[in-house]
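Report on the structure given below.
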Amino acid sequence: MTVFCYIAGCICILYCLIIGIFVGHSTNFFLIWGILGLLLTAFGFLYKKGLFTAVPSWFRITFLIMLTVGAGIFVAVEGCIVSSFSAVCQEELDYVIVLGAQAKESGPSKTLKMRLDTAYDYLVEHERTCVIVSGGQGPDEPMSEAECMRRYLEERGIEASRILMEDRSRNTVQNIEYSGRLFRPESDKVGIISNNFHMFRALGLARHAGYKHVRGISAPSERIMLPNNMLREFFGVIKDFVFGNLA
């Protein structure tokens, strides 16, 4: 147990440093890996010193039960997330919605560019489909995410008449809610475009918001960031489930 905790802790701390120093990040969520690494290392040290076995048995049993239940919930949620990784749609849709991600001075972030490139490929193949670019402007962004996306798609040759903008939303729940005001959710066929790790929650939010004919179109994601994104998405699913936003 001690060796496992030390190795797992070192891996978590190293991953945190890699993201922070070499990969770059749009939020500070990656720091959770450093915290987790320190906790694992500390637990391994305490276990080695025999302090864990010195506490009352009822405490150890309760701790192990909570750990087992938590692990079960984590595996179940991650399984749901993975189930929508490869969502594709070949049929002609009325609209596709590109969910926002960080916009930079140089243009869309890598995450957002992957979504936009997936949208571009679909729009080229389905010339009657319109696209809704959804995302407001954060305090660290030079423009709204919607404006950044509109410029990118127009530069790649998508006609301005096919692009609708929703530029007030601050999160995925608002992306879905505000975009739904630009069409008829009860009758129009709509595709949600986001990165693979985000697709399960995005579709659940859309169904809860009243999208009757919704499809998922998954974009790829950065491999090095996938563990971080999957862990962050776990908390996102739990949060939206608790607040009743998922269907």
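By order of appearance in the structure tokens: chains A, B, ..., then residues from 1 within every chain, and ligands from 1 in the order shown.
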
In region 45-176 of chain A, DSSP alpha helix (DSSP H) residues written as a ChimeraX atom specification: /A:45-48,51-54,57-83,110-125,145-155,172-176

Close residues, region 136-147 of chain A itself excluded, 7 Å, only C-alpha atoms, min 4 positions apart in chain, as number ranges by chain: A: 100-105, 151, 165-170

CA of Gly191 (chain A) to CA of Phe235 (chain A), straight-line distance in Å: 24.1 Å

Test item: residues at most 9 Å from Ile13 (chain A), only C-alpha atoms, excluding those fewer than 3 positions along its chain, as a list of chain:residue names: A:Ala8, A:Gly9, A:Cys10, A:Cys16, A:Leu17, A:Ile18, A:Leu31, A:Trp33, A:Gly34, A:Ile35, A:Leu36, A:Gly37, A:Leu38

Selection file, N, CA, C and O atoms, as an mmCIF file, in the first residue's frame:
data_model
loop_
_atom_site.group_PDB
_atom_site.id
_atom_site.type_symbol
_atom_site.label_atom_id
_atom_site.label_comp_id
_atom_site.auth_asym_id
_atom_site.auth_seq_id
_atom_site.Cartn_x
_atom_site.Cartn_y
_atom_site.Cartn_z
ATOM 1 N N ALA A 8 1.737 6.488 -7.048
ATOM 2 C CA ALA A 8 0.580 7.224 -7.556
ATOM 3 C C ALA A 8 0.704 8.709 -7.235
ATOM 4 O O ALA A 8 0.376 9.572 -8.063
ATOM 5 N N GLY A 9 1.192 9.022 -6.043
ATOM 6 C CA GLY A 9 1.364 10.416 -5.663
ATOM 7 C C GLY A 9 2.364 11.134 -6.546
ATOM 8 O O GLY A 9 2.131 12.269 -6.974
ATOM 9 N N CYS A 10 3.480 10.480 -6.829
ATOM 10 C CA CYS A 10 4.499 11.078 -7.696
ATOM 11 C C CYS A 10 3.972 11.300 -9.110
ATOM 12 O O CYS A 10 4.260 12.324 -9.737
ATOM 13 N N CYS A 16 0.665 17.226 -12.811
ATOM 14 C CA CYS A 16 0.328 18.608 -12.495
ATOM 15 C C CYS A 16 1.407 19.565 -13.000
ATOM 16 O O CYS A 16 1.105 20.608 -13.602
ATOM 17 N N LEU A 17 2.662 19.218 -12.786
ATOM 18 C CA LEU A 17 3.769 20.066 -13.233
ATOM 19 C C LEU A 17 3.841 20.140 -14.751
ATOM 20 O O LEU A 17 4.125 21.204 -15.318
ATOM 21 N N ILE A 18 3.589 19.018 -15.424
ATOM 22 C CA ILE A 18 3.627 19.000 -16.892
ATOM 23 C C ILE A 18 2.587 19.954 -17.462
ATOM 24 O O ILE A 18 2.871 20.734 -18.378
ATOM 25 N N LEU A 31 -4.510 21.994 -10.741
ATOM 26 C CA LEU A 31 -3.833 21.963 -9.440
ATOM 27 C C LEU A 31 -4.346 20.848 -8.550
ATOM 28 O O LEU A 31 -3.666 20.441 -7.599
ATOM 29 N N TRP A 33 -4.463 17.870 -9.246
ATOM 30 C CA TRP A 33 -3.556 16.725 -9.361
ATOM 31 C C TRP A 33 -2.402 16.855 -8.376
ATOM 32 O O TRP A 33 -1.942 15.854 -7.802
ATOM 33 N N GLY A 34 -1.915 18.069 -8.178
ATOM 34 C CA GLY A 34 -0.865 18.278 -7.195
ATOM 35 C C GLY A 34 -1.357 18.015 -5.778
ATOM 36 O O GLY A 34 -0.662 17.391 -4.973
ATOM 37 N N ILE A 35 -2.573 18.482 -5.490
ATOM 38 C CA ILE A 35 -3.159 18.249 -4.164
ATOM 39 C C ILE A 35 -3.368 16.753 -3.940
ATOM 40 O O ILE A 35 -3.053 16.214 -2.865
ATOM 41 N N LEU A 36 -3.912 16.072 -4.961
ATOM 42 C CA LEU A 36 -4.130 14.634 -4.846
ATOM 43 C C LEU A 36 -2.817 13.891 -4.641
ATOM 44 O O LEU A 36 -2.732 12.952 -3.829
ATOM 45 N N GLY A 37 -1.768 14.322 -5.346
ATOM 46 C CA GLY A 37 -0.464 13.688 -5.193
ATOM 47 C C GLY A 37 0.092 13.836 -3.787
ATOM 48 O O GLY A 37 0.640 12.882 -3.211
ATOM 49 N N LEU A 38 -0.064 15.021 -3.223
ATOM 50 C CA LEU A 38 0.410 15.245 -1.857
ATOM 51 C C LEU A 38 -0.378 14.421 -0.842
ATOM 52 O O LEU A 38 0.196 13.872 0.110
#

Using only C-alpha atoms: which of A:Tyr122, A:Tyr95, A:Lys110, A:Gly244 has the shortest distance to Tyr211 (chain A): A:Tyr95

Cys80 (chain A) environment, 12 Å, only C-alpha atoms, sequence neighbours closer than 5 positions dropped, as a list in words: Ile73, Phe74, Val75, Phe85, Asn196, Phe197, His198, Met199, Phe200, Arg201, Leu203, Gly204, Met230, Glu233, Phe234, Val237 and Ile238 of chain A

10 Å contact set for Gly180 (chain A), only C-alpha atoms, chain neighbours under 3 positions out, as an mmCIF file with N, CA and C atoms, in the first residue's frame:
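Output file part-v6.cif is given in full below:
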data_model
loop_
_atom_site.group_PDB
_atom_site.id
_atom_site.type_symbol
_atom_site.label_atom_id
_atom_site.label_comp_id
_atom_site.auth_asym_id
_atom_site.auth_seq_id
_atom_site.Cartn_x
_atom_site.Cartn_y
_atom_site.Cartn_z
ATOM 1 N N ILE A 97 -24.891 23.263 -33.022
ATOM 2 C CA ILE A 97 -24.447 24.237 -32.024
ATOM 3 C C ILE A 97 -23.016 23.903 -31.629
ATOM 4 N N ILE A 132 -24.879 27.509 -34.991
ATOM 5 C CA ILE A 132 -24.980 28.467 -33.893
ATOM 6 C C ILE A 132 -23.685 28.394 -33.099
ATOM 7 N N GLU A 166 -24.700 33.365 -30.463
ATOM 8 C CA GLU A 166 -25.233 33.468 -29.099
ATOM 9 C C GLU A 166 -24.040 33.850 -28.247
ATOM 10 N N GLN A 174 -25.963 27.507 -19.865
ATOM 11 C CA GLN A 174 -26.436 28.688 -20.575
ATOM 12 C C GLN A 174 -26.221 28.555 -22.078
ATOM 13 N N ASN A 175 -25.125 27.908 -22.499
ATOM 14 C CA ASN A 175 -24.929 27.626 -23.934
ATOM 15 C C ASN A 175 -26.169 26.979 -24.523
ATOM 16 N N ILE A 176 -26.621 25.936 -23.840
ATOM 17 C CA ILE A 176 -27.762 25.169 -24.321
ATOM 18 C C ILE A 176 -29.050 25.987 -24.231
ATOM 19 N N GLU A 177 -29.268 26.630 -23.100
ATOM 20 C CA GLU A 177 -30.514 27.387 -22.886
ATOM 21 C C GLU A 177 -30.639 28.550 -23.862
ATOM 22 N N PHE A 183 -33.939 28.792 -32.313
ATOM 23 C CA PHE A 183 -34.628 27.845 -33.183
ATOM 24 C C PHE A 183 -35.791 27.239 -32.402
ATOM 25 N N ARG A 184 -36.389 26.211 -32.950
ATOM 26 C CA ARG A 184 -37.534 25.562 -32.298
ATOM 27 C C ARG A 184 -37.087 24.215 -31.737
ATOM 28 N N PRO A 185 -36.732 24.174 -30.464
ATOM 29 C CA PRO A 185 -36.197 22.934 -29.867
ATOM 30 C C PRO A 185 -37.161 21.755 -29.939
ATOM 31 N N GLU A 186 -38.456 22.034 -29.997
ATOM 32 C CA GLU A 186 -39.437 20.955 -30.001
ATOM 33 C C GLU A 186 -39.584 20.293 -31.360
ATOM 34 N N VAL A 190 -31.277 19.112 -34.264
ATOM 35 C CA VAL A 190 -30.124 19.882 -33.808
ATOM 36 C C VAL A 190 -28.978 18.958 -33.431
ATOM 37 N N ALA A 206 -29.028 19.204 -23.014
ATOM 38 C CA ALA A 206 -29.911 19.557 -24.128
ATOM 39 C C ALA A 206 -31.267 18.869 -23.992
ATOM 40 N N ALA A 209 -33.280 20.550 -21.429
ATOM 41 C CA ALA A 209 -33.740 21.862 -21.865
ATOM 42 C C ALA A 209 -34.866 21.783 -22.887
ATOM 43 N N GLY A 210 -35.259 20.576 -23.282
ATOM 44 C CA GLY A 210 -36.389 20.430 -24.191
ATOM 45 C C GLY A 210 -36.044 20.191 -25.644
ATOM 46 N N TYR A 211 -34.772 19.891 -25.942
ATOM 47 C CA TYR A 211 -34.395 19.559 -27.310
ATOM 48 C C TYR A 211 -34.948 18.165 -27.624
#

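The closest residue to Ser134 (chain A), picked from A:Ser179, A:Gln90, A:Tyr15, A:Ser109 and counting only C-alpha atoms, is A:Ser179.
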
Contacts of region 152-159 of chain A at 12 Å (only C-alpha atoms; same-chain gap of 5+ positions) as an NGL selection string: :A and (98 or 103 or 106-109 or 112-133 or 145-147 or 164-165)

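With distances restricted to only C-alpha atoms, A:Arg207 is the closest residue to Ala247 (chain A) from A:Lys48, A:Arg232, A:Lys189, A:Arg207.
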
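Between CA of Gly20 (chain A) and CA of Met225 (chain A) lies a distance of 11.1 Å.
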